[in-house]
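The next block is model-v4.cif, given as mmCIF, C-alpha atoms.
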data_coords
#
loop_
_atom_site.label_atom_id
_atom_site.label_comp_id
_atom_site.auth_asym_id
_atom_site.auth_seq_id
_atom_site.Cartn_x
_atom_site.Cartn_y
_atom_site.Cartn_z
CA MET A 91 -31.99 -25.81 44.18
CA THR A 92 -32.84 -22.28 43.11
CA TRP A 93 -29.20 -21.27 43.44
CA PHE A 94 -28.23 -24.22 41.33
CA SER A 95 -30.75 -23.20 38.62
CA ILE A 96 -29.53 -19.61 38.68
CA ILE A 97 -25.93 -20.66 38.26
CA VAL A 98 -26.68 -23.11 35.45
CA SER A 99 -28.86 -20.48 33.71
CA GLY A 100 -25.99 -18.05 34.11
CA ILE A 101 -23.60 -20.50 32.49
CA VAL A 102 -26.06 -21.14 29.65
CA THR A 103 -26.52 -17.40 29.09
CA TYR A 104 -22.80 -16.71 29.22
CA PHE A 105 -22.17 -19.56 26.80
CA SER A 106 -24.66 -18.08 24.32
CA ARG A 107 -22.72 -14.81 24.44
CA MET A 108 -19.27 -16.32 24.34
CA ALA A 109 -19.61 -19.27 21.96
CA MET A 110 -19.47 -17.39 18.67
CA VAL A 111 -16.89 -14.90 19.91
CA ALA A 112 -14.37 -17.26 21.44
CA LEU A 113 -15.12 -20.86 20.48
CA ILE A 114 -16.93 -21.39 17.21
CA ASP A 115 -15.92 -20.17 13.79
CA ARG A 116 -18.64 -17.75 12.73
CA GLU A 117 -18.86 -19.39 9.32
CA MET A 118 -20.36 -22.38 11.15
CA LEU A 119 -23.57 -20.40 11.47
CA GLY A 120 -25.06 -20.61 7.99
CA THR A 121 -27.15 -17.83 6.47
CA LYS A 122 -30.28 -19.90 7.00
CA VAL A 123 -29.62 -20.29 10.71
CA LYS A 124 -28.90 -16.57 11.00
CA GLU A 125 -32.14 -15.72 9.22
CA VAL A 126 -34.11 -17.94 11.56
CA LEU A 127 -32.31 -16.58 14.66
CA ASN A 128 -33.59 -13.14 13.63
CA TYR A 129 -37.04 -14.36 14.57
CA VAL A 130 -36.10 -15.54 18.08
CA PRO A 131 -37.65 -12.51 19.86
CA ALA A 132 -40.84 -12.84 17.78
CA ALA A 133 -40.95 -16.56 18.56
CA VAL A 134 -40.19 -16.36 22.28
CA PHE A 135 -41.97 -13.36 23.75
CA PRO A 136 -45.57 -13.97 22.58
CA ALA A 137 -45.41 -17.29 24.44
CA ILE A 138 -45.12 -15.21 27.61
CA ILE A 139 -47.47 -12.42 26.54
CA PHE A 140 -50.47 -14.51 25.45
CA PRO A 141 -50.76 -16.73 28.56
CA GLY A 142 -50.07 -13.68 30.76
CA VAL A 143 -53.05 -11.90 29.25
CA PHE A 144 -55.48 -14.70 28.42
CA PHE A 145 -55.03 -17.00 31.43
CA ASN A 146 -55.81 -16.24 35.07
CA ASP A 147 -53.74 -17.30 38.10
CA PHE A 148 -55.40 -20.72 38.06
CA GLY A 149 -54.49 -21.46 34.48
CA SER A 150 -57.92 -21.18 32.89
CA LEU A 151 -58.91 -18.90 30.04
CA VAL A 152 -60.20 -15.50 31.15
CA GLU A 153 -63.49 -14.05 29.92
CA ILE A 154 -63.59 -11.58 27.07
CA THR A 155 -64.42 -8.84 29.62
CA ASP A 156 -61.21 -9.37 31.61
CA PRO A 157 -59.39 -6.08 32.37
CA LYS A 158 -56.06 -7.62 31.34
CA ILE A 159 -57.28 -7.91 27.74
CA TYR A 160 -58.14 -4.20 27.59
CA GLY A 161 -54.89 -3.21 29.27
CA ALA A 162 -53.00 -5.25 26.67
CA ILE A 163 -54.96 -3.71 23.78
CA VAL A 164 -54.17 -0.19 25.02
CA ALA A 165 -50.49 -1.12 25.40
CA LEU A 166 -50.47 -2.67 21.93
CA VAL A 167 -51.95 0.43 20.27
CA VAL A 168 -49.72 2.85 22.21
CA GLY A 169 -46.70 0.66 21.48
CA PHE A 170 -47.46 0.42 17.79
CA TYR A 171 -47.68 4.17 17.33
CA SER A 172 -45.12 5.40 19.86
CA ARG A 173 -42.56 2.57 19.48
CA ASN A 174 -41.62 3.51 22.99
CA ILE A 175 -40.97 0.82 25.59
CA ILE A 176 -41.91 2.79 28.69
CA ALA A 177 -45.03 4.34 27.12
CA THR A 178 -46.17 0.82 26.22
CA ILE A 179 -45.75 -0.60 29.71
CA ILE A 180 -47.11 2.43 31.57
CA SER A 181 -50.18 2.86 29.33
CA GLY A 182 -51.04 -0.81 29.76
CA LEU A 183 -50.65 -0.71 33.54
CA LEU A 184 -52.54 2.57 33.96
CA SER A 185 -55.49 1.47 31.85
CA TYR A 186 -55.55 -1.85 33.71
CA TRP A 187 -55.51 -0.09 37.09
CA PHE A 188 -58.14 2.37 35.90
CA ILE A 189 -60.46 -0.54 35.08
CA ILE A 190 -59.91 -2.56 38.25
CA PHE A 191 -59.94 0.40 40.67
CA PHE A 192 -62.57 2.67 39.12
CA LEU A 193 -64.79 0.91 36.62
CA LEU A 194 -65.17 -2.35 38.53
CA LYS A 195 -65.58 -0.77 41.94
CA MET B 73 -6.53 8.06 15.76
CA LEU B 74 -8.92 7.82 18.68
CA SER B 75 -7.48 6.75 22.03
CA LYS B 76 -8.84 3.70 23.83
CA SER B 77 -10.54 5.71 26.54
CA LYS B 78 -12.17 7.97 23.95
CA ILE B 79 -13.61 4.99 22.11
CA PHE B 80 -14.81 3.52 25.40
CA PHE B 81 -16.45 6.84 26.27
CA LYS B 82 -18.14 7.00 22.87
CA GLY B 83 -19.67 3.60 23.58
CA THR B 84 -20.89 4.83 26.94
CA VAL B 85 -22.57 7.87 25.38
CA ALA B 86 -24.15 5.81 22.60
CA VAL B 87 -26.18 3.68 25.00
CA LEU B 88 -27.35 6.55 27.21
CA PRO B 89 -30.65 7.01 25.30
CA HIS B 90 -31.37 3.34 25.98
CA MET B 91 -31.33 4.05 29.71
CA LEU B 92 -34.87 5.38 29.35
CA SER B 93 -35.99 1.83 28.79
CA VAL B 94 -33.24 -0.12 30.57
CA ILE B 95 -33.72 1.57 33.95
CA PRO B 96 -37.53 1.08 34.19
CA PHE B 97 -37.11 -2.46 32.87
CA GLY B 98 -34.50 -3.13 35.59
CA ILE B 99 -36.77 -1.71 38.26
CA ILE B 100 -39.66 -3.87 37.05
CA THR B 101 -37.43 -6.95 36.98
CA GLY B 102 -36.33 -6.41 40.58
CA ALA B 103 -39.81 -5.58 41.80
CA ILE B 104 -41.40 -8.56 40.06
CA GLY B 105 -38.81 -10.92 41.53
CA VAL B 106 -39.76 -9.78 45.02
CA GLU B 107 -43.48 -9.91 44.18
CA LEU B 108 -43.11 -13.49 42.94
CA GLY B 109 -41.81 -14.35 46.41
CA PHE B 110 -38.08 -14.72 45.85
CA ASP B 111 -35.50 -13.78 48.42
CA PRO B 112 -34.02 -10.35 47.51
CA ILE B 113 -30.54 -11.89 47.44
CA LEU B 114 -31.70 -14.45 44.87
CA VAL B 115 -33.36 -11.77 42.74
CA TYR B 116 -30.16 -9.78 42.72
CA ALA B 117 -28.09 -12.87 42.00
CA THR B 118 -29.99 -13.31 38.72
CA SER B 119 -28.86 -9.81 37.67
CA LEU B 120 -25.27 -10.61 38.40
CA ILE B 121 -25.12 -14.21 37.19
CA ILE B 122 -27.64 -14.30 34.33
CA PHE B 123 -27.52 -10.55 33.46
CA GLY B 124 -30.39 -10.49 30.97
CA GLY B 125 -33.73 -8.92 31.82
CA ALA B 126 -36.05 -11.10 29.79
CA SER B 127 -34.30 -14.29 30.88
CA GLN B 128 -34.37 -13.23 34.52
CA ILE B 129 -38.11 -12.48 34.51
CA ILE B 130 -39.03 -15.68 32.69
CA PHE B 131 -36.73 -17.71 34.90
CA MET B 132 -38.31 -16.41 38.10
CA GLN B 133 -41.85 -16.55 36.75
CA LEU B 134 -41.44 -20.19 35.72
CA LEU B 135 -39.83 -21.31 38.97
CA SER B 136 -42.45 -19.53 41.08
CA GLY B 137 -45.18 -21.11 38.95
CA GLY B 138 -43.91 -24.58 39.77
CA ALA B 139 -41.90 -25.32 36.65
CA SER B 140 -38.92 -27.64 37.03
CA SER B 141 -35.38 -26.27 36.97
CA LEU B 142 -34.84 -28.03 33.69
CA VAL B 143 -37.69 -26.16 32.00
CA ALA B 144 -36.58 -22.83 33.50
CA ILE B 145 -32.97 -23.34 32.40
CA THR B 146 -33.93 -24.54 28.92
CA SER B 147 -36.22 -21.58 28.33
CA VAL B 148 -33.40 -19.24 29.36
CA GLY B 149 -31.30 -21.01 26.73
CA VAL B 150 -33.97 -20.57 24.05
CA ILE B 151 -34.38 -16.85 24.80
CA ASN B 152 -30.65 -16.29 24.75
CA SER B 153 -29.99 -18.14 21.53
CA ARG B 154 -30.27 -14.72 19.87
CA HIS B 155 -26.87 -13.91 21.42
CA LEU B 156 -25.34 -16.41 19.01
CA LEU B 157 -26.27 -14.01 16.26
CA TYR B 158 -24.72 -11.04 18.06
CA GLY B 159 -21.58 -13.06 18.79
CA ALA B 160 -21.28 -14.11 15.15
CA VAL B 161 -21.46 -10.48 14.01
CA LEU B 162 -19.15 -9.10 16.70
CA SER B 163 -16.56 -11.88 16.40
CA GLU B 164 -15.32 -10.25 13.23
CA TYR B 165 -14.26 -7.18 15.23
CA LEU B 166 -12.83 -9.20 18.10
CA GLU B 167 -10.69 -11.59 16.11
CA LYS B 168 -7.37 -10.06 17.16
CA LEU B 169 -8.07 -10.25 20.88
CA SER B 170 -6.51 -12.89 23.11
CA PHE B 171 -8.71 -15.77 24.24
CA ILE B 172 -8.92 -14.40 27.80
CA LYS B 173 -10.03 -10.98 26.58
CA LYS B 174 -12.65 -12.61 24.38
CA LEU B 175 -13.96 -14.51 27.39
CA PHE B 176 -14.11 -11.27 29.38
CA ILE B 177 -15.81 -9.10 26.80
CA SER B 178 -18.43 -11.78 26.04
CA TYR B 179 -20.08 -11.28 29.43
CA PHE B 180 -20.99 -7.74 28.34
CA ILE B 181 -22.73 -8.57 25.06
CA VAL B 182 -26.32 -7.35 25.44
CA ASP B 183 -29.07 -6.29 23.03
CA GLN B 184 -28.71 -2.50 23.22
CA GLY B 185 -24.92 -2.60 23.35
CA PHE B 186 -24.80 -4.88 20.35
CA ALA B 187 -27.12 -2.66 18.33
CA GLU B 188 -25.06 0.49 19.00
CA SER B 189 -21.65 -1.18 18.60
CA ASN B 190 -22.60 -2.80 15.35
CA LYS B 191 -23.87 0.51 13.95
CA TYR B 192 -20.75 2.43 15.00
CA ILE B 193 -18.13 -0.11 14.01
CA LYS B 194 -19.71 -0.61 10.59
CA LYS B 195 -19.47 3.14 9.99
CA ASN B 196 -15.89 3.41 11.29
CA LYS B 197 -14.24 0.49 9.59
CA ASN B 198 -10.60 1.31 10.39
CA LEU B 199 -10.88 1.59 14.15
CA SER B 200 -7.86 -0.04 15.77
CA ASN B 201 -9.63 -0.85 19.03
CA PRO B 202 -13.30 -1.48 18.27
CA HIS B 203 -13.61 -3.71 21.33
CA TYR B 204 -13.31 -0.65 23.60
CA TYR B 205 -16.51 0.64 22.07
CA ILE B 206 -18.26 -2.66 22.77
CA LEU B 207 -16.91 -2.60 26.33
CA GLY B 208 -18.06 1.01 26.76
CA THR B 209 -21.63 0.09 25.85
CA GLY B 210 -21.59 -3.15 27.84
CA VAL B 211 -20.04 -1.85 31.05
CA THR B 212 -22.38 1.16 31.12
CA LEU B 213 -25.42 -1.03 30.60
CA TRP B 214 -24.12 -3.43 33.23
CA PHE B 215 -23.85 -0.75 35.91
CA CYS B 216 -27.26 0.69 35.14
CA TRP B 217 -28.80 -2.76 35.13
CA GLN B 218 -27.33 -3.69 38.51
CA LEU B 219 -28.38 -0.40 40.10
CA SER B 220 -31.88 -0.42 38.63
CA THR B 221 -32.63 -4.02 39.62
CA ILE B 222 -31.42 -3.24 43.16
CA SER B 223 -33.77 -0.23 43.24
CA GLY B 224 -36.57 -2.46 41.98
CA ILE B 225 -35.89 -5.01 44.71
CA ILE B 226 -36.10 -2.27 47.35
CA LEU B 227 -39.21 -0.70 45.78
CA GLY B 228 -40.82 -4.09 45.26
CA SER B 229 -41.17 -4.68 48.99
CA PHE B 230 -43.31 -1.52 49.25
CA ILE B 231 -45.59 -2.14 46.27
CA PRO B 232 -49.03 -3.28 47.47
CA GLU B 233 -50.34 -6.62 46.27
CA GLU B 234 -53.59 -5.01 44.98
CA LEU B 235 -51.71 -3.40 42.10
CA CYS B 236 -51.25 -6.87 40.52
CA LEU B 237 -47.80 -5.93 39.32
CA LYS B 238 -47.57 -9.36 37.71
CA PHE B 239 -49.48 -7.92 34.78
CA ALA B 240 -46.35 -5.90 34.06
CA ILE B 241 -44.71 -9.14 32.86
CA PRO B 242 -46.71 -9.59 29.62
CA LEU B 243 -46.68 -5.81 29.10
CA THR B 244 -42.90 -5.67 29.39
CA PHE B 245 -42.47 -8.36 26.78
CA LEU B 246 -45.02 -6.70 24.55
CA ALA B 247 -42.92 -3.55 24.82
CA ILE B 248 -39.78 -5.44 23.81
CA ILE B 249 -41.27 -6.61 20.51
CA VAL B 250 -43.14 -3.40 19.76
CA ASN B 251 -40.56 -2.34 17.16
CA ASP B 252 -41.23 -5.48 15.14
CA LEU B 253 -45.00 -4.97 14.95
CA ARG B 254 -44.65 -3.23 11.59
CA LYS B 255 -42.94 -6.20 10.00
CA LEU B 256 -45.58 -8.61 8.76
CA ASP B 257 -43.26 -11.64 8.77
CA HIS B 258 -42.44 -11.01 12.42
CA VAL B 259 -46.11 -10.50 13.29
CA PHE B 260 -46.89 -13.84 11.65
CA VAL B 261 -44.25 -15.60 13.80
CA MET B 262 -45.59 -13.81 16.89
CA LEU B 263 -49.12 -14.99 16.25
CA VAL B 264 -47.97 -18.58 15.72
CA SER B 265 -46.04 -18.47 18.99
CA GLY B 266 -48.89 -16.81 20.88
CA PHE B 267 -51.60 -19.21 19.75
CA ALA B 268 -49.29 -22.19 20.21
CA SER B 269 -48.71 -21.09 23.81
CA LEU B 270 -52.46 -20.94 24.46
CA ILE B 271 -52.98 -24.41 23.01
CA LEU B 272 -49.92 -25.94 24.67
CA PHE B 273 -50.38 -24.17 28.01
CA ASP B 274 -51.36 -27.35 29.82
CA ALA B 275 -48.45 -29.38 28.48
CA PRO B 276 -46.52 -30.99 31.35
CA PHE B 277 -43.75 -29.15 33.26
CA LYS B 278 -44.73 -25.78 31.74
CA SER B 279 -43.00 -26.93 28.59
CA TYR B 280 -45.23 -24.60 26.53
CA ILE B 281 -42.58 -21.96 27.13
CA ILE B 282 -40.09 -24.01 25.09
CA LEU B 283 -42.47 -25.75 22.68
CA SER B 284 -44.22 -22.59 21.45
CA PRO B 285 -41.02 -20.82 20.36
CA ILE B 286 -39.90 -24.01 18.62
CA VAL B 287 -43.22 -24.25 16.75
CA ALA B 288 -42.90 -20.56 15.83
CA LEU B 289 -39.30 -20.92 14.65
CA ILE B 290 -40.28 -23.88 12.47
CA ALA B 291 -43.05 -21.69 11.05
CA ALA B 292 -40.45 -18.97 10.42
CA PHE B 293 -38.21 -21.47 8.68
CA ILE B 294 -41.04 -22.68 6.42
CA MET B 295 -42.03 -19.08 5.72
CA LEU B 296 -38.47 -18.22 4.64
CA ARG B 297 -38.46 -21.27 2.38
CA LEU B 298 -41.71 -20.31 0.69
CA LYS B 299 -40.58 -16.73 0.22
CA LYS B 300 -37.70 -17.79 -2.00
#

Here is a file; write its structure as structure tokens.
Amino acid sequence: MTWFSIIVSGIVTYFSRMAMVALIDREMLGTKVKEVLNYVPAAVFPAIIFPGVFFNDFGSLVEITDPKIYGAIVALVVGFYSRNIIATIISGLLSYWFIIFFLLK
Amino acid sequence: MLSKSKIFFKGTVAVLPHMLSVIPFGIITGAIGVELGFDPILVYATSLIIFGGASQIIFMQLLSGGASSLVAITSVGVINSRHLLYGAVLSEYLEKLSFIKKLFISYFIVDQGFAESNKYIKKNKNLSNPHYYILGTGVTLWFCWQLSTISGIILGSFIPEELCLKFAIPLTFLAIIVNDLRKLDHVFVMLVSGFASLILFDAPFKSYIILSPIVALIAAFIMLRLKK
């Protein structure tokens, strides 16, 4: 079943890459659609970020003192100023580890 | 006139700075796949068959969290709809290619490669073989992605559970959108999506992952309307 899902996802992904290049006339995509497609990353990724930070493994809201929230805030600030992908991830992880291994021990 | 191999090589060089983010992202993707409990072969298969970091992570996270295949596949489709935009832009440069070549080159259309190709081809309008540039970026990114996810899969089996590497998932996606944090319209769409995901989190079949982006895209559409 997992193999099946991987293959179908692969086909879907490939189709998204290929459709406008090989199948569909690019004029079919109106300016409005293009403008909205610009927002796809902004529309998709927060739906992974927010639950990943604000929910625990059991699907309930975490408390305001949860280390994940502080890790995310550090990553957000570092990311905003550095605009660097690795710095964002590493700063978030390090501050999170610092809290769970040192402050909470 | 630049030869084909020179144009290809230029594409390769253009994406090298992106390796600083692509390689760690690949390692994280591989390591997270293993941490989520997938067979290493399956994790690697996503790199080869899906070949898109964000889609691979979301796909594995959803399936391991008990989402149905349908939800996992649909969310991959939603994430990748941005490729339509890339394809629409690049198709202008690929018009002269045969159908088979178009099918081949499409597999290599990825974010960083698109960004560099589009910049370069726009500047060098009378290139005779712009597709070699696109291929140069795509093939280079492909190799680095395969190698870095394999390294991540190997590393992942050594990373202790206590590190809670799962937290790298939201951080990775935060890092992807970090460049858009200065654009207020994008931040607005992000907030709509984020809060929608918190409200819709308990919707059946993990459908929040599809519903929240749809809500946010509708918000984006309305926002564009009001702006005019």

(Q) List as a ChimeraX atom specification the protein and nucleic acid residues near Asn190 (chain B), meaning an atom at most 9 Å away when all atoms listed in the file are counted, but skip any in the same chain fewer than 2 places from it. (A) /B:158,161-162,185-188,192-195,206

If you apply the PyMOL selection byres ((chain B and resi 83) around 12) to this file, what residues do you get, as a count of residues only? 37

From CA of Asp183 (chain B) to CA of Tyr116 (chain B) the spacing works out at 20.0 Å

>> Suppose a student applies the PyMOL selection byres ((chain A and resi 143-160) around 7) to this structure; what residues should they get, written as a VMD selection string?
In response: (chain A and resid 139 to 142 161 to 164 186 189 to 190) or (chain B and resid 242)

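Among B:Leu227, B:Met91, B:Leu256, B:Ala117, the residue with the shortest atom-to-atom distance to chain A, counting only C-alpha atoms, is B:Ala117.
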
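In this comparison, which uses all atoms listed in the file, the residue of B:Leu237, B:Val148, B:Leu166, B:Ala275 approaching Gly100 (chain A) most closely is B:Val148.
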
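Nearest to Ala132 (chain A) of all the residues B:Leu296, B:Leu246, B:Ile177, B:Ile281 is B:Leu246, based on all atoms listed in the file.
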
Could you list the residues chosen by the PyMOL selection byres ((chain B and resi 218-222) around 7) in this structure as a PyMOL selection string? chain B and resi 95+98-99+101-102+116+119+214-217+223-226

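Taking CA of Ala288 (chain B) as the reference point, CA of Thr244 (chain B) is found at 20.1 Å.
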
Pairwise distance, CA of Ile114 (chain A) with CA of Ile151 (chain B), equals 19.6 Å

Item checked: Neighbour list for Phe135 (chain A) as a list in words, cut-off 9 Å, all atoms listed in the file, skip fewer than 6 positions in-chain -> Ala126, Ile151, Pro242, Phe245, Leu246, Ile248, Ile249, Met262, Ser265, Gly266 and Pro285 of chain B

Adding 6 Å on each side of the box along x, y and z that holds all listed atoms of region 186-204 of chain B, could you give its centre and edge lengths in Å to one decimal, as AutoDock Vina command-line options?
--center_x -17.5 --center_y -0.7 --center_z 16.6 --size_x 31.3 --size_y 20.3 --size_z 26.0

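Counting all atoms listed in the file and comparing A:Ser106, A:Ala137, A:Glu125, A:Ala165, the residue that lies closest to Leu184 (chain A) is A:Ala165.
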